[in-house]
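Content type compact mmCIF, C-alpha atoms and all ligand atoms, from the file data.txt:
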# COMPACT_ATOMS: atom_id res chain seq x y z
CA SER J 154 -123.56 -75.82 26.54
CA LEU J 155 -125.60 -78.89 27.41
CA VAL J 156 -126.45 -81.65 24.98
CA TYR J 157 -128.92 -84.52 25.26
CA LEU J 158 -127.52 -88.04 24.95
CA ASN J 159 -129.55 -91.16 25.69
CA GLY J 160 -131.67 -89.76 28.50
CA GLU J 161 -129.19 -87.33 30.03
CA MET J 162 -128.25 -83.68 29.69
CA THR J 163 -124.45 -83.36 29.74
CA PRO J 164 -121.82 -80.83 28.67
CA LEU J 165 -120.81 -81.44 25.04
CA SER J 166 -117.22 -82.06 26.11
CA GLU J 167 -118.35 -84.93 28.32
CA ALA J 168 -120.78 -86.60 25.91
CA ARG J 169 -119.40 -90.02 24.88
CA ILE J 170 -120.64 -92.86 22.71
CA PRO J 171 -119.12 -96.37 22.44
CA VAL J 172 -116.91 -96.99 19.39
CA LEU J 173 -119.20 -99.85 18.33
CA ASP J 174 -122.09 -97.44 17.80
CA ARG J 175 -123.37 -98.26 14.31
CA GLY J 176 -123.40 -94.56 13.47
CA PHE J 177 -119.61 -94.59 13.83
CA ILE J 178 -119.03 -98.02 12.26
CA PHE J 179 -121.55 -97.94 9.37
CA GLY J 180 -123.05 -94.45 9.18
CA ASP J 181 -126.23 -96.30 10.18
CA GLY J 182 -128.46 -93.47 11.34
CA VAL J 183 -130.48 -90.40 10.42
CA TYR J 184 -130.49 -86.75 11.45
CA GLU J 185 -132.31 -83.43 11.36
CA VAL J 186 -131.20 -79.78 11.38
CA ILE J 187 -133.92 -77.52 12.79
CA PRO J 188 -133.76 -73.71 12.90
CA ILE J 189 -134.88 -72.11 16.16
CA TYR J 190 -136.13 -68.51 15.98
CA GLN J 191 -136.77 -66.73 19.27
CA ARG J 192 -136.49 -70.10 21.09
CA LYS J 193 -139.19 -71.66 18.94
CA MET J 194 -138.70 -74.44 16.41
CA PHE J 195 -139.53 -73.30 12.88
CA ARG J 196 -141.72 -75.80 10.99
CA ALA J 197 -141.32 -78.24 13.89
CA GLU J 198 -144.05 -80.65 12.75
CA HIS J 199 -142.51 -80.88 9.28
CA HIS J 200 -139.06 -81.65 10.65
CA MET J 201 -140.51 -84.25 13.00
CA ALA J 202 -142.52 -85.85 10.20
CA ARG J 203 -139.39 -86.10 8.06
CA LEU J 204 -137.44 -87.60 10.97
CA PHE J 205 -140.16 -90.20 11.43
CA ARG J 206 -140.09 -91.00 7.67
CA SER J 207 -136.29 -91.36 7.72
CA LEU J 208 -136.40 -93.67 10.76
CA ASP J 209 -139.15 -95.73 9.18
CA LYS J 210 -137.28 -96.03 5.85
CA ILE J 211 -134.24 -97.58 7.52
CA GLY J 212 -136.13 -99.63 10.10
CA ILE J 213 -135.00 -97.88 13.28
CA PRO J 214 -137.80 -97.99 15.84
CA ASN J 215 -138.81 -94.43 16.74
CA PRO J 216 -137.58 -94.00 20.33
CA HIS J 217 -140.03 -91.15 21.17
CA ASP J 218 -143.46 -89.90 20.18
CA LEU J 219 -143.99 -86.40 18.83
CA ALA J 220 -144.59 -84.83 22.27
CA GLY J 221 -141.56 -86.67 23.65
CA TRP J 222 -139.29 -85.35 20.90
CA MET J 223 -140.59 -81.79 21.28
CA ALA J 224 -139.98 -81.88 25.03
CA LEU J 225 -136.39 -83.12 24.57
CA ILE J 226 -135.60 -80.49 21.95
CA ASP J 227 -137.17 -77.74 24.09
CA LYS J 228 -134.97 -78.81 26.99
CA VAL J 229 -131.79 -78.46 24.93
CA VAL J 230 -133.00 -75.13 23.49
CA ALA J 231 -133.88 -73.80 26.97
CA ALA J 232 -130.38 -74.62 28.27
CA TYR J 233 -128.72 -72.52 25.55
CA PRO J 234 -128.03 -68.77 25.84
CA ASP J 235 -128.95 -67.65 22.29
CA ASP J 236 -132.56 -67.05 21.23
CA ASP J 237 -131.83 -68.09 17.64
CA GLN J 238 -130.27 -71.52 17.36
CA MET J 239 -129.67 -74.46 15.07
CA VAL J 240 -130.62 -77.77 16.61
CA TYR J 241 -128.86 -80.88 15.34
CA LEU J 242 -130.37 -84.22 16.27
CA GLN J 243 -129.22 -87.67 15.35
CA VAL J 244 -130.56 -91.18 15.88
CA THR J 245 -128.40 -94.21 15.14
CA ARG J 246 -129.36 -97.86 15.24
CA GLY J 247 -127.30 -98.23 18.41
CA VAL J 248 -124.35 -100.21 19.74
CA ALA J 249 -123.72 -103.81 18.68
CA LYS J 250 -120.97 -106.22 17.64
CA ARG J 251 -119.89 -105.31 14.10
CA ALA J 252 -122.00 -107.14 11.52
CA HIS J 253 -123.67 -105.42 8.58
CA ALA J 254 -127.28 -106.57 8.94
CA PHE J 255 -129.49 -105.24 11.75
CA PRO J 256 -128.66 -106.68 15.20
CA ALA J 257 -131.43 -108.69 16.86
CA THR J 258 -131.63 -106.50 19.92
CA VAL J 259 -130.28 -102.99 19.95
CA VAL J 260 -131.27 -99.69 21.52
CA PRO J 261 -131.13 -96.56 19.32
CA THR J 262 -128.64 -93.85 20.26
CA VAL J 263 -130.29 -90.42 20.53
CA PHE J 264 -128.19 -87.26 20.46
CA ILE J 265 -129.41 -83.64 20.41
CA MET J 266 -127.21 -80.54 20.44
CA THR J 267 -127.68 -76.91 19.58
CA ASN J 268 -125.46 -74.13 18.23
CA PRO J 269 -125.87 -70.48 17.32
CA LEU J 270 -127.89 -70.03 14.13
CA VAL J 271 -125.46 -68.44 11.68
CA LEU J 272 -127.35 -67.05 8.70
CA PRO J 273 -125.84 -65.50 5.54
CA SER J 274 -124.91 -61.84 6.08
CA ASN J 275 -126.68 -59.00 4.29
CA ALA J 276 -123.53 -58.47 2.22
CA VAL J 277 -123.62 -62.10 1.04
CA ARG J 278 -127.34 -61.79 0.27
CA ALA J 279 -126.79 -58.60 -1.71
CA ALA J 280 -124.03 -60.11 -3.86
CA GLY J 281 -125.42 -63.63 -4.13
CA VAL J 282 -123.16 -66.68 -4.02
CA SER J 283 -121.06 -68.64 -6.50
CA CYS J 284 -121.75 -72.29 -7.24
CA VAL J 285 -119.93 -74.97 -9.16
CA THR J 286 -121.59 -77.80 -11.07
CA MET J 287 -120.72 -81.47 -10.80
CA GLU J 288 -122.06 -84.94 -11.54
CA ASP J 289 -124.24 -86.34 -8.73
CA LYS J 290 -122.50 -89.54 -7.73
CA ARG J 291 -124.43 -90.27 -4.55
CA TRP J 292 -126.59 -93.29 -3.93
CA LEU J 293 -130.25 -93.62 -4.93
CA HIS J 294 -131.83 -92.96 -1.53
CA CYS J 295 -131.13 -89.26 -1.21
CA GLU J 296 -134.65 -88.80 0.23
CA ILE J 297 -133.47 -90.37 3.49
CA LYS J 298 -131.79 -87.81 5.75
CA SER J 299 -128.99 -90.27 6.49
CA VAL J 300 -125.81 -89.54 8.42
CA SER J 301 -123.99 -91.50 5.67
CA LEU J 302 -122.95 -88.23 4.04
CA LEU J 303 -119.71 -89.07 2.23
CA GLY J 304 -121.13 -88.11 -1.18
CA ASN J 305 -122.35 -84.80 0.23
CA VAL J 306 -119.03 -84.24 2.02
CA LEU J 307 -117.10 -84.73 -1.23
CA ALA J 308 -119.50 -82.43 -3.09
CA ALA J 309 -119.08 -79.71 -0.43
CA GLN J 310 -115.29 -80.07 -0.56
CA TYR J 311 -115.39 -79.83 -4.38
CA ALA J 312 -117.19 -76.50 -3.97
CA VAL J 313 -114.60 -75.23 -1.48
CA GLU J 314 -111.77 -76.22 -3.82
CA HIS J 315 -113.47 -74.25 -6.62
CA GLU J 316 -113.99 -71.17 -4.45
CA ALA J 317 -117.74 -71.75 -4.51
CA THR J 318 -120.32 -71.65 -1.72
CA GLU J 319 -122.15 -74.76 -2.86
CA SER J 320 -122.03 -77.42 -5.55
CA ILE J 321 -125.01 -77.89 -7.86
CA GLN J 322 -125.33 -81.55 -8.81
CA PHE J 323 -126.73 -83.18 -11.95
CA ARG J 324 -127.66 -86.82 -12.51
CA ASP J 325 -127.84 -87.87 -16.17
CA GLY J 326 -127.88 -84.19 -17.12
CA MET J 327 -130.81 -83.33 -14.85
CA LEU J 328 -130.64 -81.04 -11.81
CA THR J 329 -130.82 -82.78 -8.44
CA GLU J 330 -129.66 -80.58 -5.52
CA GLY J 331 -126.72 -79.00 -3.70
CA SER J 332 -124.41 -80.79 -1.26
CA SER J 333 -126.59 -79.56 1.61
CA SER J 334 -129.38 -77.52 0.00
CA ASN J 335 -132.19 -77.67 -2.52
CA VAL J 336 -131.80 -75.76 -5.80
CA TRP J 337 -134.46 -73.64 -7.55
CA VAL J 338 -134.53 -72.08 -10.99
CA VAL J 339 -136.56 -69.09 -12.25
CA LYS J 340 -137.46 -68.56 -15.91
CA ASN J 341 -139.93 -65.97 -17.17
CA GLY J 342 -141.42 -65.44 -13.72
CA VAL J 343 -141.98 -69.17 -12.98
CA LEU J 344 -140.15 -70.93 -10.13
CA TYR J 345 -139.09 -74.44 -11.11
CA GLY J 346 -137.95 -77.19 -8.78
CA PRO J 347 -137.02 -80.82 -9.40
CA PRO J 348 -139.52 -83.51 -8.31
CA LYS J 349 -139.26 -84.71 -4.71
CA ASP J 350 -138.29 -88.29 -5.39
CA ASN J 351 -135.44 -90.56 -4.28
CA LEU J 352 -132.84 -88.37 -6.02
CA ILE J 353 -133.11 -85.42 -3.61
CA LEU J 354 -133.80 -84.70 0.01
CA GLU J 355 -137.22 -83.15 0.46
CA GLY J 356 -136.09 -80.04 2.25
CA ILE J 357 -138.48 -78.61 4.79
CA ARG J 358 -138.12 -75.43 2.76
CA TYR J 359 -139.36 -77.31 -0.33
CA GLY J 360 -142.91 -77.29 1.05
CA LEU J 361 -142.49 -73.85 2.56
CA ILE J 362 -141.38 -72.31 -0.74
CA ARG J 363 -144.33 -73.92 -2.48
CA GLU J 364 -146.66 -72.30 0.12
CA LEU J 365 -144.92 -68.92 -0.16
CA CYS J 366 -145.24 -69.02 -3.96
CA ALA J 367 -148.95 -69.77 -3.70
CA ALA J 368 -149.50 -66.95 -1.20
CA ASN J 369 -147.54 -64.47 -3.33
CA ARG J 370 -148.92 -65.52 -6.74
CA ILE J 371 -145.57 -66.78 -7.98
CA PRO J 372 -146.16 -69.61 -10.47
CA PHE J 373 -144.52 -72.78 -9.13
CA GLU J 374 -143.78 -75.83 -11.25
CA VAL J 375 -142.20 -79.17 -10.46
CA ARG J 376 -140.39 -80.98 -13.26
CA ARG J 377 -137.02 -82.31 -14.34
CA ILE J 378 -134.65 -79.42 -15.13
CA GLY J 379 -131.85 -79.81 -17.66
CA ARG J 380 -128.34 -78.45 -17.28
CA ASP J 381 -128.86 -75.98 -20.14
CA GLU J 382 -131.96 -74.62 -18.38
CA VAL J 383 -129.94 -73.89 -15.26
CA PHE J 384 -127.42 -71.92 -17.30
CA ALA J 385 -130.19 -70.09 -19.18
CA ALA J 386 -132.14 -69.24 -16.00
CA ASP J 387 -133.13 -65.71 -15.02
CA GLU J 388 -132.52 -66.60 -11.36
CA VAL J 389 -131.16 -69.55 -9.39
CA MET J 390 -131.48 -69.95 -5.64
CA LEU J 391 -130.67 -72.36 -2.84
CA SER J 392 -132.74 -73.26 0.19
CA SER J 393 -131.86 -74.93 3.48
CA ALA J 394 -132.39 -74.56 7.21
CA THR J 395 -129.22 -72.47 7.51
CA LYS J 396 -129.40 -70.60 4.17
CA GLU J 397 -133.16 -69.93 4.26
CA VAL J 398 -133.37 -68.84 0.60
CA LEU J 399 -130.13 -67.61 -0.93
CA PRO J 400 -129.52 -66.22 -4.44
CA VAL J 401 -126.93 -67.82 -6.73
CA THR J 402 -125.38 -65.20 -9.00
CA ARG J 403 -122.52 -67.18 -10.59
CA ILE J 404 -122.34 -70.78 -11.76
CA ASP J 405 -119.05 -72.19 -13.03
CA GLY J 406 -117.81 -68.60 -13.28
CA GLN J 407 -120.69 -67.43 -15.51
CA PRO J 408 -123.25 -64.87 -14.32
CA VAL J 409 -126.79 -66.07 -13.62
CA GLY J 410 -129.26 -63.78 -15.45
CA ASN J 411 -127.94 -60.25 -15.09
CA GLY J 412 -125.55 -61.37 -12.34
CA ALA J 413 -127.53 -59.86 -9.44
CA PRO J 414 -130.14 -61.34 -7.09
CA GLY J 415 -133.53 -61.26 -8.85
CA PRO J 416 -137.06 -60.13 -8.03
CA ILE J 417 -138.49 -63.61 -7.32
CA TYR J 418 -135.70 -64.22 -4.83
CA SER J 419 -136.39 -60.88 -3.13
CA LYS J 420 -140.10 -61.65 -2.84
CA LEU J 421 -139.46 -65.12 -1.44
CA TYR J 422 -136.87 -63.84 1.01
CA GLU J 423 -139.30 -61.21 2.32
CA ALA J 424 -142.09 -63.77 2.55
CA TYR J 425 -139.75 -66.14 4.38
CA GLN J 426 -138.87 -63.47 6.95
CA ALA J 427 -142.57 -62.76 7.47
CA ALA J 428 -143.27 -66.48 7.96
CA LYS J 429 -140.66 -66.60 10.76
CA ALA J 430 -142.41 -63.94 12.81
N1 LIG J 501 -129.01 -79.81 5.02
N2 LIG J 501 -130.67 -81.30 0.45
C1 LIG J 501 -129.67 -81.76 1.22
C2 LIG J 501 -128.74 -82.79 0.67
C3 LIG J 501 -129.50 -81.25 2.54
O1 LIG J 501 -128.52 -81.73 3.31
C4 LIG J 501 -130.37 -80.24 3.02
C5 LIG J 501 -130.26 -79.67 4.41
C6 LIG J 501 -131.40 -79.78 2.17
C7 LIG J 501 -132.39 -78.72 2.61
O2 LIG J 501 -133.29 -79.23 3.58
P1 LIG J 501 -133.95 -78.28 4.67
O3 LIG J 501 -134.72 -77.25 3.94
O4 LIG J 501 -134.80 -79.20 5.44
O5 LIG J 501 -132.82 -77.70 5.50
C8 LIG J 501 -131.51 -80.34 0.90
C9 LIG J 501 -128.84 -79.46 6.42
C10 LIG J 501 -129.07 -78.02 6.70
C11 LIG J 501 -127.50 -79.98 6.89
O6 LIG J 501 -127.17 -81.10 6.52
O7 LIG J 501 -126.80 -79.27 7.63
Please render this file's structure as structure tokens.
Amino acid sequence: SLVYLNGEMTPLSEARIPVLDRGFIFGDGVYEVIPIYQRKMFRAEHHMARLFRSLDKIGIPNPHDLAGWMALIDKVVAAYPDDDQMVYLQVTRGVAKRAHAFPATVVPTVFIMTNPLVLPSNAVRAAGVSCVTMEDKRWLHCEIKSVSLLGNVLAAQYAVEHEATESIQFRDGMLTEGSSSNVWVVKNGVLYGPPKDNLILEGIRYGLIRELCAANRIPFEVRRIGRDEVFAADEVMLSSATKEVLPVTRIDGQPVGNGAPGPIYSKLYEAYQAAKA
């Protein structure tokens, strides 16, 4: 398959970046993961807006305008055989002699690739997934979609080592998010989510779920959520580009609610599928 790297389409196996790229040396860059349904970007404008916010937050000049980005992504998507895909794009500050602060002159590195979109199977959806809880030990700029993902990597590995699909993180006893997903809690018919501040990534599904709740008359409330509330929830679910919405039916080995995916999840999942079409 062909990838885009700094102005050229090349086979993935031939794409090369210099070892002094600041993405490699410092994790100095940002990224996006965009689902493609039937060759069309889903919530494209939202993903682009978040990319632009991330670039702005870390002072990387945006190398393309909106139309330019869309054209590049479309090119990569068009060159791929599958209709449903997952586009990964990354921008780093560029290549420069190693020194921590920003180099005076540097050209951002732009990389775009695509892969098959692998969604959870119906069997996984029917059973729901297991999660494990842990302390959130990441930095205080989780709102930036940074490629510096060591905290998230360790959280994901912790989940694997505990035979869980995802970790659910808490900071000072309050729910933040998963290693690569947002986390939602249902109690008495109300969907609760943590505030979109610097402690979580504002998932593109965060806004989508809010819209779907409004359209389906599901009460939606944003506030800090305590650890005890997660364990006392009727339903818990995850959201991300690759999970869409996914029910959590066990946390730290204990059943969530009655241990089966709940009605709010089912409604949101249906609404999500309708929104894709
Ligand atoms: N992760 N929180 C974190 C820490 C994430 O990494 C992600 C997405 C989300 C959900 O965001 P969205 O709804 O925009 O996918 C929340 C992507 C899929 C990844 O890193 O692969």
Can you work out which residues are within 8 Å of ligand LIG 501 (chain J), considering all atoms listed in the file, and then hand them over as a short mmCIF file (atom, residue, chain, number, x, y, z; two decimals) with C-alpha atoms, in the coordinates of the input?
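Listed below is the output, selection-v1.cif:
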data_model
loop_
_atom_site.label_atom_id
_atom_site.label_comp_id
_atom_site.auth_asym_id
_atom_site.auth_seq_id
_atom_site.Cartn_x
_atom_site.Cartn_y
_atom_site.Cartn_z
CA GLU J 185 -132.31 -83.43 11.36
CA VAL J 186 -131.20 -79.78 11.38
CA ILE J 187 -133.92 -77.52 12.79
CA HIS J 200 -139.06 -81.65 10.65
CA CYS J 295 -131.13 -89.26 -1.21
CA LYS J 298 -131.79 -87.81 5.75
CA ASN J 305 -122.35 -84.80 0.23
CA GLU J 330 -129.66 -80.58 -5.52
CA GLY J 331 -126.72 -79.00 -3.70
CA SER J 332 -124.41 -80.79 -1.26
CA SER J 333 -126.59 -79.56 1.61
CA SER J 334 -129.38 -77.52 0.00
CA ASN J 335 -132.19 -77.67 -2.52
CA ILE J 353 -133.11 -85.42 -3.61
CA LEU J 354 -133.80 -84.70 0.01
CA GLU J 355 -137.22 -83.15 0.46
CA GLY J 356 -136.09 -80.04 2.25
CA ILE J 357 -138.48 -78.61 4.79
CA ARG J 358 -138.12 -75.43 2.76
CA TYR J 359 -139.36 -77.31 -0.33
CA SER J 392 -132.74 -73.26 0.19
CA SER J 393 -131.86 -74.93 3.48
CA ALA J 394 -132.39 -74.56 7.21
CA THR J 395 -129.22 -72.47 7.51
CA LYS J 396 -129.40 -70.60 4.17
CA GLU J 397 -133.16 -69.93 4.26
#
Any idea what the distance is between atom CA of Val409 of chain J and atom CA of Ala385 of chain J?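 Computing it gives 7.7 Å between the two atoms.
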Neighbour residues at most 7 Å from (-127.1, -60.2, -6.5) (all atoms listed in the file) as a PyMOL selection string: chain J and resi 278-281+400+402+412-415
Given all atoms listed in the file, how would the per-residue table for segment 230-257 of chain J near segment 154-167 of chain J read, listing every residue at most 9 Å away with its closest atom pair and distance in Å to one decimal, sorted by chain and number, as CSV?
residue,atom,partner,partner_atom,distance
J:Ala232,CA,J:Leu155,CA,6.5
J:Tyr233,CA,J:Ser154,CA,6.2
J:Pro234,CA,J:Ser154,CA,8.4
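Of the residues under consideration (J:Ser207, J:Asn341, J:Gln238, J:Thr245), J:Thr245 shows the shortest atom-to-atom contact distance to Asp174 of chain J when counting only C-alpha atoms.
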